[in-house]
$ cat run.pdb   # PDB, C-alpha atoms
ATOM      1  CA  GLU A 276       4.970 -14.559  12.847
ATOM      2  CA  VAL A 277       8.429 -15.380  11.530
ATOM      3  CA  GLN A 278       8.790 -16.004   7.805
ATOM      4  CA  ASN A 279      11.777 -17.184   5.840
ATOM      5  CA  LEU A 280      13.683 -14.562   3.941
ATOM      6  CA  LEU A 281      12.408 -14.014   0.413
ATOM      7  CA  PRO A 282      14.399 -16.085  -2.121
ATOM      8  CA  PRO A 283      16.354 -14.382  -4.928
ATOM      9  CA  ARG A 284      14.044 -13.208  -7.717
ATOM     10  CA  LYS A 285      15.698 -15.521 -10.279
ATOM     11  CA  LYS A 286      15.285 -18.604  -8.098
ATOM     12  CA  VAL A 287      11.943 -20.440  -8.361
ATOM     13  CA  VAL A 288      10.753 -21.846  -5.022
ATOM     14  CA  PRO A 289       7.309 -23.497  -4.704
ATOM     15  CA  PHE A 290       4.906 -22.360  -1.994
ATOM     16  CA  LEU A 291       3.947 -25.068   0.495
ATOM     17  CA  GLY A 292       1.038 -23.087   1.957
ATOM     18  CA  CYS A 293      -1.189 -20.080   1.284
ATOM     19  CA  VAL A 294       0.769 -16.852   1.667
ATOM     20  CA  ASN A 295      -0.588 -13.485   0.615
ATOM     21  CA  ASN A 296       1.401 -10.637   2.127
ATOM     22  CA  ALA A 297       2.655  -7.285   0.889
ATOM     23  CA  TYR A 298       5.600  -5.454   2.440
ATOM     24  CA  ILE A 299       5.916  -1.679   2.190
ATOM     25  CA  TYR A 300       9.152   0.083   3.093
ATOM     26  CA  PRO A 301       8.886   3.898   3.212
ATOM     27  CA  GLN A 302      12.125   5.296   1.844
ATOM     28  CA  SER A 303      12.212   9.077   1.755
ATOM     29  CA  PHE A 304      10.044  12.164   1.960
ATOM     30  CA  VAL A 305      10.660  15.701   0.690
ATOM     31  CA  PHE A 306       9.659  18.150   3.402
ATOM     32  CA  PRO A 307       7.158  20.776   2.242
ATOM     33  CA  LYS A 308       7.801  24.415   2.994
ATOM     34  CA  GLY A 309       6.769  25.465   6.477
ATOM     35  CA  LEU A 310       7.199  22.076   8.138
ATOM     36  CA  SER A 311       9.379  22.717  11.167
ATOM     37  CA  ASN A 312       8.580  19.819  13.489
ATOM     38  CA  GLY A 313       8.773  16.066  13.235
ATOM     39  CA  PHE A 314       6.074  14.008  11.551
ATOM     40  CA  VAL A 315       4.808  10.452  11.218
ATOM     41  CA  VAL A 316       3.215   8.512   8.366
ATOM     42  CA  GLN A 317       0.056   6.513   9.000
ATOM     43  CA  ALA A 318      -0.883   3.790   6.501
ATOM     44  CA  GLN A 319      -4.482   2.607   6.066
ATOM     45  CA  PHE A 320      -6.046   0.085   3.687
ATOM     46  CA  PHE A 321      -9.401   0.770   1.985
ATOM     47  CA  ASP A 322     -11.609  -1.171  -0.423
ATOM     48  CA  ASN A 323     -13.302   1.939  -1.888
ATOM     49  CA  ASP A 324     -12.914   5.690  -2.304
ATOM     50  CA  ASP A 325     -16.549   6.606  -1.677
ATOM     51  CA  ALA A 326     -15.523   8.913   1.165
ATOM     52  CA  SER A 327     -12.468  10.741   2.457
ATOM     53  CA  PRO A 328     -10.002   8.689   4.571
ATOM     54  CA  LYS A 329     -11.278  10.346   7.761
ATOM     55  CA  GLN A 330     -14.860   9.273   7.047
ATOM     56  CA  ASN A 331     -14.166   5.912   5.388
ATOM     57  CA  LYS A 332     -13.784   2.598   7.199
ATOM     58  CA  ALA A 333     -10.256   1.173   7.088
ATOM     59  CA  GLN A 334      -9.737  -2.583   6.696
ATOM     60  CA  VAL A 335      -8.111  -4.587   9.503
ATOM     61  CA  VAL A 336      -5.227  -6.046   7.483
ATOM     62  CA  PHE A 337      -2.019  -4.688   9.051
ATOM     63  CA  TYR A 338       0.127  -7.020  11.120
ATOM     64  CA  GLY A 339       0.553  -5.607  14.622
ATOM     65  CA  ARG A 340       3.916  -4.674  16.070
ATOM     66  CA  PHE A 341       3.385  -6.705  19.223
ATOM     67  CA  LYS A 342       2.710 -10.376  19.801
ATOM     68  CA  ASP A 343      -0.688  -9.782  21.423
ATOM     69  CA  THR A 344      -1.919  -7.623  18.517
ATOM     70  CA  GLN A 345      -2.227  -9.743  15.399
ATOM     71  CA  PHE A 346      -4.065  -7.359  13.046
ATOM     72  CA  THR A 347      -4.874  -3.640  13.185
ATOM     73  CA  ASP A 348      -6.599  -1.110  10.910
ATOM     74  CA  SER A 349      -3.532   1.139  10.567
ATOM     75  CA  HIS A 350       0.245   1.294  10.847
ATOM     76  CA  THR A 351       2.122   4.371  12.074
ATOM     77  CA  THR A 352       5.835   4.890  11.490
ATOM     78  CA  PRO A 353       8.218   6.237  14.135
ATOM     79  CA  VAL A 354       8.659  10.020  14.263
ATOM     80  CA  CYS A 355      10.766  11.437  11.436
ATOM     81  CA  VAL A 356      12.461  14.727  12.389
ATOM     82  CA  ALA A 357      12.260  17.581   9.893
ATOM     83  CA  GLY A 358      15.865  18.650  10.213
ATOM     84  CA  SER A 359      16.855  18.720   6.541
ATOM     85  CA  LYS A 360      15.308  18.713   3.077
ATOM     86  CA  TRP A 361      14.885  14.926   3.040
ATOM     87  CA  GLY A 362      13.404  12.596   5.609
ATOM     88  CA  LYS A 363      14.457   8.942   5.858
ATOM     89  CA  PHE A 364      12.494   6.025   7.265
ATOM     90  CA  TYR A 365      13.509   2.730   8.847
ATOM     91  CA  ASP A 366      10.273   0.799   9.094
ATOM     92  CA  GLU A 367       8.399  -2.155   7.616
ATOM     93  CA  ILE A 368       4.660  -2.191   6.928
ATOM     94  CA  LYS A 369       3.256  -5.693   6.523
ATOM     95  CA  ILE A 370      -0.215  -6.210   5.018
ATOM     96  CA  ASN A 371      -2.313  -9.360   4.805
ATOM     97  CA  LEU A 372      -3.833  -8.901   1.344
ATOM     98  CA  PRO A 373      -7.414  -9.940   0.530
ATOM     99  CA  ILE A 374      -7.699 -13.084  -1.580
ATOM    100  CA  ARG A 375      -9.711 -11.208  -4.197
ATOM    101  CA  LEU A 376      -8.294  -7.773  -4.985
ATOM    102  CA  THR A 377     -10.153  -5.152  -7.002
ATOM    103  CA  ARG A 378      -9.007  -1.875  -8.520
ATOM    104  CA  LYS A 379     -10.677  -0.115  -5.605
ATOM    105  CA  HIS A 380      -8.282  -1.632  -3.072
ATOM    106  CA  HIS A 381      -5.584   0.856  -2.174
ATOM    107  CA  VAL A 382      -3.324   2.096   0.621
ATOM    108  CA  VAL A 383      -3.661   5.665   1.902
ATOM    109  CA  PHE A 384      -0.695   7.347   3.582
ATOM    110  CA  SER A 385      -1.567  10.184   5.947
ATOM    111  CA  PHE A 386       1.228  12.576   6.920
ATOM    112  CA  LEU A 387       0.799  13.959  10.435
ATOM    113  CA  GLN A 388       2.843  16.802  11.878
ATOM    114  CA  CYS A 389       3.815  16.249  15.517
ATOM    115  CA  ASP A 390       3.860  19.060  18.032
ATOM    116  CA  VAL A 391       4.726  19.029  21.717
ATOM    117  CA  SER A 392       3.668  22.227  23.426
ATOM    118  CA  GLY A 393       2.375  22.846  26.908
ATOM    119  CA  GLY A 394       3.202  19.293  27.874
ATOM    120  CA  LYS A 395       0.728  17.891  25.333
ATOM    121  CA  PHE A 396       1.434  15.780  22.259
ATOM    122  CA  LYS A 397      -0.617  16.822  19.223
ATOM    123  CA  GLN A 398      -0.829  15.519  15.660
ATOM    124  CA  LYS A 399      -2.268  17.333  12.653
ATOM    125  CA  VAL A 400      -2.664  15.925   9.130
ATOM    126  CA  PHE A 401      -0.960  18.060   6.492
ATOM    127  CA  GLY A 402      -1.135  15.734   3.462
ATOM    128  CA  TYR A 403      -2.121  12.414   1.899
ATOM    129  CA  SER A 404      -0.785   9.978  -0.687
ATOM    130  CA  PHE A 405      -2.508   6.891  -2.058
ATOM    131  CA  MET A 406      -1.305   3.755  -3.840
ATOM    132  CA  PRO A 407      -3.685   1.431  -5.785
ATOM    133  CA  LEU A 408      -2.670  -2.227  -5.639
ATOM    134  CA  LEU A 409      -3.924  -3.208  -9.119
ATOM    135  CA  ASN A 410      -2.974  -1.518 -12.391
ATOM    136  CA  GLU A 411      -5.079  -1.001 -15.518
ATOM    137  CA  LYS A 412      -4.531  -4.650 -16.507
ATOM    138  CA  ASN A 413      -5.788  -5.880 -13.117
ATOM    139  CA  GLU A 414      -2.261  -6.958 -12.192
ATOM    140  CA  VAL A 415      -0.725  -6.410  -8.770
ATOM    141  CA  VAL A 416       1.564  -3.384  -8.827
ATOM    142  CA  LEU A 417       5.135  -4.616  -8.424
ATOM    143  CA  LYS A 418       7.037  -1.466  -9.385
ATOM    144  CA  ASN A 419       8.213   0.733  -6.523
ATOM    145  CA  PRO A 420       5.985   3.817  -6.697
ATOM    146  CA  ASP A 421       6.958   7.465  -6.230
ATOM    147  CA  LEU A 422       3.964   9.448  -5.038
ATOM    148  CA  PRO A 423       2.858  13.078  -4.875
ATOM    149  CA  VAL A 424       1.204  14.436  -1.739
ATOM    150  CA  TRP A 425      -2.271  15.996  -1.698
ATOM    151  CA  ALA A 426      -3.606  18.455   0.867
ATOM    152  CA  LYS A 427      -6.972  16.641   1.051
ATOM    153  CA  LEU A 428      -8.650  13.638  -0.570
ATOM    154  CA  ALA A 429     -12.226  14.044  -1.792
ATOM    155  CA  PRO A 430     -14.595  11.141  -2.625
ATOM    156  CA  GLY A 431     -13.645   9.531  -5.960
ATOM    157  CA  TYR A 432      -9.966  10.462  -5.676
ATOM    158  CA  LEU A 433      -8.778   7.192  -7.265
ATOM    159  CA  SER A 434     -10.229   8.115 -10.653
ATOM    160  CA  ASN A 435     -10.152  11.914 -10.522
ATOM    161  CA  THR A 436      -7.339  14.022  -9.058
ATOM    162  CA  SER A 437      -8.081  17.174 -11.059
ATOM    163  CA  ASN A 438      -9.966  18.733  -8.157
ATOM    164  CA  LEU A 439      -7.290  17.885  -5.569
ATOM    165  CA  ASN A 440      -4.718  20.374  -4.319
ATOM    166  CA  ALA A 441      -1.191  18.932  -4.624
ATOM    167  CA  LEU A 442       1.611  20.095  -2.358
ATOM    168  CA  ASP A 443       4.724  21.623  -3.961
ATOM    169  CA  GLY A 444       3.037  21.796  -7.372
ATOM    170  CA  GLY A 445       2.485  18.037  -7.652
ATOM    171  CA  LYS A 446       6.163  17.102  -7.430
ATOM    172  CA  ILE A 447       7.148  13.619  -6.277
ATOM    173  CA  MET A 448       7.548  13.847  -2.510
ATOM    174  CA  PHE A 449       7.148  10.329  -1.115
ATOM    175  CA  SER A 450       9.030   7.236  -2.284
ATOM    176  CA  LEU A 451       8.748   3.671  -1.056
ATOM    177  CA  ASP A 452       9.629   0.067  -1.854
ATOM    178  CA  LEU A 453       6.929  -2.548  -2.386
ATOM    179  CA  HIS A 454       7.512  -6.302  -2.149
ATOM    180  CA  LEU A 455       4.954  -9.047  -2.735
ATOM    181  CA  ASN A 456       5.173 -12.482  -1.109
ATOM    182  CA  SER A 457       2.110 -14.310  -2.377
ATOM    183  CA  SER A 458       1.033 -17.742  -3.550
ATOM    184  CA  VAL A 459      -2.186 -16.143  -4.875
ATOM    185  CA  TYR A 460      -0.807 -13.400  -7.123
ATOM    186  CA  SER A 461       2.146 -14.418  -9.282
ATOM    187  CA  GLN A 462       5.207 -12.231  -9.778
ATOM    188  CA  ALA A 463       6.152 -14.036 -13.012
ATOM    189  CA  PRO A 464       5.075 -12.036 -16.119
ATOM    190  CA  VAL A 465       4.195 -15.203 -18.073
ATOM    191  CA  LEU A 466       1.965 -16.577 -15.313
ATOM    192  CA  ARG A 467       0.285 -13.192 -14.878
ATOM    193  CA  GLN A 468      -0.733 -13.392 -18.534
ATOM    194  CA  VAL A 469      -1.848 -17.034 -18.462
ATOM    195  CA  MET A 470      -3.764 -17.247 -15.173
ATOM    196  CA  PRO A 471      -6.558 -14.776 -16.130
ATOM    197  CA  LEU A 472      -7.436 -17.154 -18.986
ATOM    198  CA  PHE A 473      -8.487 -19.764 -16.418
ATOM    199  CA  ILE A 474      -9.432 -17.691 -13.368
ATOM    200  CA  ASP A 475     -11.652 -14.637 -13.419
ATOM    201  CA  PRO A 476     -10.671 -12.519 -10.352
ATOM    202  CA  PHE A 477     -14.044 -10.776 -10.411
ATOM    203  CA  GLY A 478     -16.290 -13.779 -11.085
ATOM    204  CA  GLU A 479     -16.426 -17.547 -11.209
ATOM    205  CA  SER A 480     -13.513 -19.829 -11.976
ATOM    206  CA  LYS A 481     -13.332 -20.981 -15.578
ATOM    207  CA  ASN A 482     -13.203 -24.605 -16.748
ATOM    208  CA  PRO A 483      -9.773 -25.153 -18.388
ATOM    209  CA  LEU A 484     -10.902 -28.389 -20.147
ATOM    210  CA  LYS A 485     -13.924 -26.659 -21.640
ATOM    211  CA  MET A 486     -11.757 -23.756 -22.802
ATOM    212  CA  VAL A 487      -9.309 -26.135 -24.527
ATOM    213  CA  GLN A 488     -12.184 -27.929 -26.262
ATOM    214  CA  GLU A 489     -13.585 -24.610 -27.481
TER     215      GLU A 489
END
$ encode --input "run.pdb" --output "structure tokens"
Amino acid sequence: EVQNLLPPRKKVVPFLGCVNNAYIYPQSFVFPKGLSNGFVVQAQFFDNDDASPKQNKAQVVFYGRFKDTQFTDSHTTPVCVAGSKWGKFYDEIKINLPIRLTRKHHVVFSFLQCDVSGGKFKQKVFGYSFMPLLNEKNEVVLKNPDLPVWAKLAPGYLSNTSNLNALDGGKIMFSLDLHLNSSVYSQAPVLRQVMPLFIDPFGESKNPLKMVQE
């Protein structure tokens, strides 16, 4: 799929069709102590945190890299070599967002150390980060997040991180850029405040005429 470049933020351009995509651009990663080999980042999309990422079922929402693979349940970045304190990425993660988002929808980033020994390629998870897509006001997160990295994710991690072990004392280790291109979820602050008055994202649509009369 080839889409037009996103217009400048100050320029208002109407949508002529239904578009509901999110673009994630991993920016940098602070290498934890003891990481001597290269690593990759695997992104997965979940609609709940009832289980750990290994045991949970990922949603098939990622655009594939190749023409014959339209959607997949994960996206893995190219290998980033641990040669300095910081790691840089040059990759784009494109997600086809669900029409109805909830506060349980989130992206999990798994960090896998790569090792080539004995002629075999091995990967081992050494940390996780997660990014909810809705904030406390049920608005799509538009600010570029900076995330800590956790050694493991236990069930219920979205609402309780007190029992999780953070790497490097909970310091920010993973940064990324997030861009929304959607005709479903507005990026305009005024529209984000007005639309919930007429549309309930977790229930039935409201009758604007009836609301005005009331």
$ resolve_selection --input "run.pdb" --expression "the PyMOL selection byres ((chain A and resi 430-444) around 8)" --output "tab-separated table (two decimals) with C-alpha atoms, keeping the file's coordinate frame"
chain	number	residue	atom	x	y	z
A	307	PRO	CA	7.16	20.78	2.24
A	324	ASP	CA	-12.91	5.69	-2.30
A	325	ASP	CA	-16.55	6.61	-1.68
A	326	ALA	CA	-15.52	8.91	1.16
A	327	SER	CA	-12.47	10.74	2.46
A	379	LYS	CA	-10.68	-0.12	-5.60
A	402	GLY	CA	-1.14	15.73	3.46
A	407	PRO	CA	-3.68	1.43	-5.78
A	423	PRO	CA	2.86	13.08	-4.88
A	424	VAL	CA	1.20	14.44	-1.74
A	425	TRP	CA	-2.27	16.00	-1.70
A	426	ALA	CA	-3.61	18.45	0.87
A	427	LYS	CA	-6.97	16.64	1.05
A	428	LEU	CA	-8.65	13.64	-0.57
A	429	ALA	CA	-12.23	14.04	-1.79
A	445	GLY	CA	2.48	18.04	-7.65
A	446	LYS	CA	6.16	17.10	-7.43
$ resolve_selection --input "run.pdb" --expression "the PyMOL selection byres ((chain A and resi 415-422) around 8)" --output "compact mmCIF listing (two decimals) with C-alpha atoms, in the coordinates of the input"
# COMPACT_ATOMS: atom_id res chain seq x y z
CA SER A 404 -0.78 9.98 -0.69
CA PHE A 405 -2.51 6.89 -2.06
CA MET A 406 -1.30 3.76 -3.84
CA PRO A 407 -3.68 1.43 -5.78
CA LEU A 408 -2.67 -2.23 -5.64
CA LEU A 409 -3.92 -3.21 -9.12
CA ASN A 410 -2.97 -1.52 -12.39
CA ASN A 413 -5.79 -5.88 -13.12
CA GLU A 414 -2.26 -6.96 -12.19
CA PRO A 423 2.86 13.08 -4.88
CA VAL A 424 1.20 14.44 -1.74
CA ILE A 447 7.15 13.62 -6.28
CA MET A 448 7.55 13.85 -2.51
CA PHE A 449 7.15 10.33 -1.12
CA SER A 450 9.03 7.24 -2.28
CA LEU A 451 8.75 3.67 -1.06
CA ASP A 452 9.63 0.07 -1.85
CA LEU A 453 6.93 -2.55 -2.39
CA HIS A 454 7.51 -6.30 -2.15
CA LEU A 455 4.95 -9.05 -2.74
CA TYR A 460 -0.81 -13.40 -7.12
CA GLN A 462 5.21 -12.23 -9.78
$ atom_distance --input "run.pdb" --atom1 "CA of Gln345 (chain A)" --atom2 "CA of Glu367 (chain A)"
15.2 Å
$ residues_around --input "run.pdb" --residues "Ile374 (chain A)" --least-positions-apart "4" --cutoff "10 Å" --atoms "all atoms listed in the file" --output "PDB file with C-alpha atoms, in the frame of the given file"
ATOM      1  CA  CYS A 293      -1.189 -20.080   1.284  1.00  0.00           C
ATOM      2  CA  VAL A 294       0.769 -16.852   1.667  1.00  0.00           C
ATOM      3  CA  ASN A 295      -0.588 -13.485   0.615  1.00  0.00           C
ATOM      4  CA  SER A 457       2.110 -14.310  -2.377  1.00  0.00           C
ATOM      5  CA  VAL A 459      -2.186 -16.143  -4.875  1.00  0.00           C
ATOM      6  CA  TYR A 460      -0.807 -13.400  -7.123  1.00  0.00           C
ATOM      7  CA  PRO A 476     -10.671 -12.519 -10.352  1.00  0.00           C
TER       8      PRO A 476
END
$ atom_distance --input "run.pdb" --atom1 "CA of Arg340 (chain A)" --atom2 "CA of Ala318 (chain A)"
13.6 Å
$ closest_residue --input "run.pdb" --among "A:Gln398, A:Asp366, A:Ser461, A:Ser349" --to "Ala333 (chain A)" --atoms "only C-alpha atoms"
A:Ser349
$ atom_distance --input "run.pdb" --atom1 "CA of Gln319 (chain A)" --atom2 "CA of Val391 (chain A)"
24.5 Å
$ decode --input "run.pdb" --residues "region 412-436 of chain A" --atoms "C-alpha atoms" --output "PDB file, in the first residue's frame"
ATOM      1  CA  LYS A 412      -9.435  10.460  29.183  1.00  0.00           C
ATOM      2  CA  ASN A 413      -9.949   7.707  26.586  1.00  0.00           C
ATOM      3  CA  GLU A 414      -8.050   9.769  24.016  1.00  0.00           C
ATOM      4  CA  VAL A 415      -5.519   8.307  21.603  1.00  0.00           C
ATOM      5  CA  VAL A 416      -1.993   8.933  22.857  1.00  0.00           C
ATOM      6  CA  LEU A 417      -0.347  11.425  20.511  1.00  0.00           C
ATOM      7  CA  LYS A 418       2.705  12.367  22.577  1.00  0.00           C
ATOM      8  CA  ASN A 419       5.926  10.531  21.761  1.00  0.00           C
ATOM      9  CA  PRO A 420       6.487   8.204  24.724  1.00  0.00           C
ATOM     10  CA  ASP A 421       9.746   7.404  26.517  1.00  0.00           C
ATOM     11  CA  LEU A 422       9.522   3.984  28.119  1.00  0.00           C
ATOM     12  CA  PRO A 423      11.302   2.009  30.831  1.00  0.00           C
ATOM     13  CA  VAL A 424      12.190  -1.639  30.271  1.00  0.00           C
ATOM     14  CA  TRP A 425      10.977  -4.470  32.513  1.00  0.00           C
ATOM     15  CA  ALA A 426      12.625  -7.861  32.951  1.00  0.00           C
ATOM     16  CA  LYS A 427       9.253  -9.668  32.803  1.00  0.00           C
ATOM     17  CA  LEU A 428       5.579  -8.758  32.446  1.00  0.00           C
ATOM     18  CA  ALA A 429       3.095 -10.442  34.777  1.00  0.00           C
ATOM     19  CA  PRO A 430      -0.700 -10.558  34.216  1.00  0.00           C
ATOM     20  CA  GLY A 431      -2.288  -7.166  34.985  1.00  0.00           C
ATOM     21  CA  TYR A 432       0.851  -5.192  34.125  1.00  0.00           C
ATOM     22  CA  LEU A 433      -1.113  -2.309  32.558  1.00  0.00           C
ATOM     23  CA  SER A 434      -2.584  -1.269  35.903  1.00  0.00           C
ATOM     24  CA  ASN A 435       0.076  -2.486  38.333  1.00  0.00           C
ATOM     25  CA  THR A 436       3.838  -2.255  37.794  1.00  0.00           C
TER      26      THR A 436
END
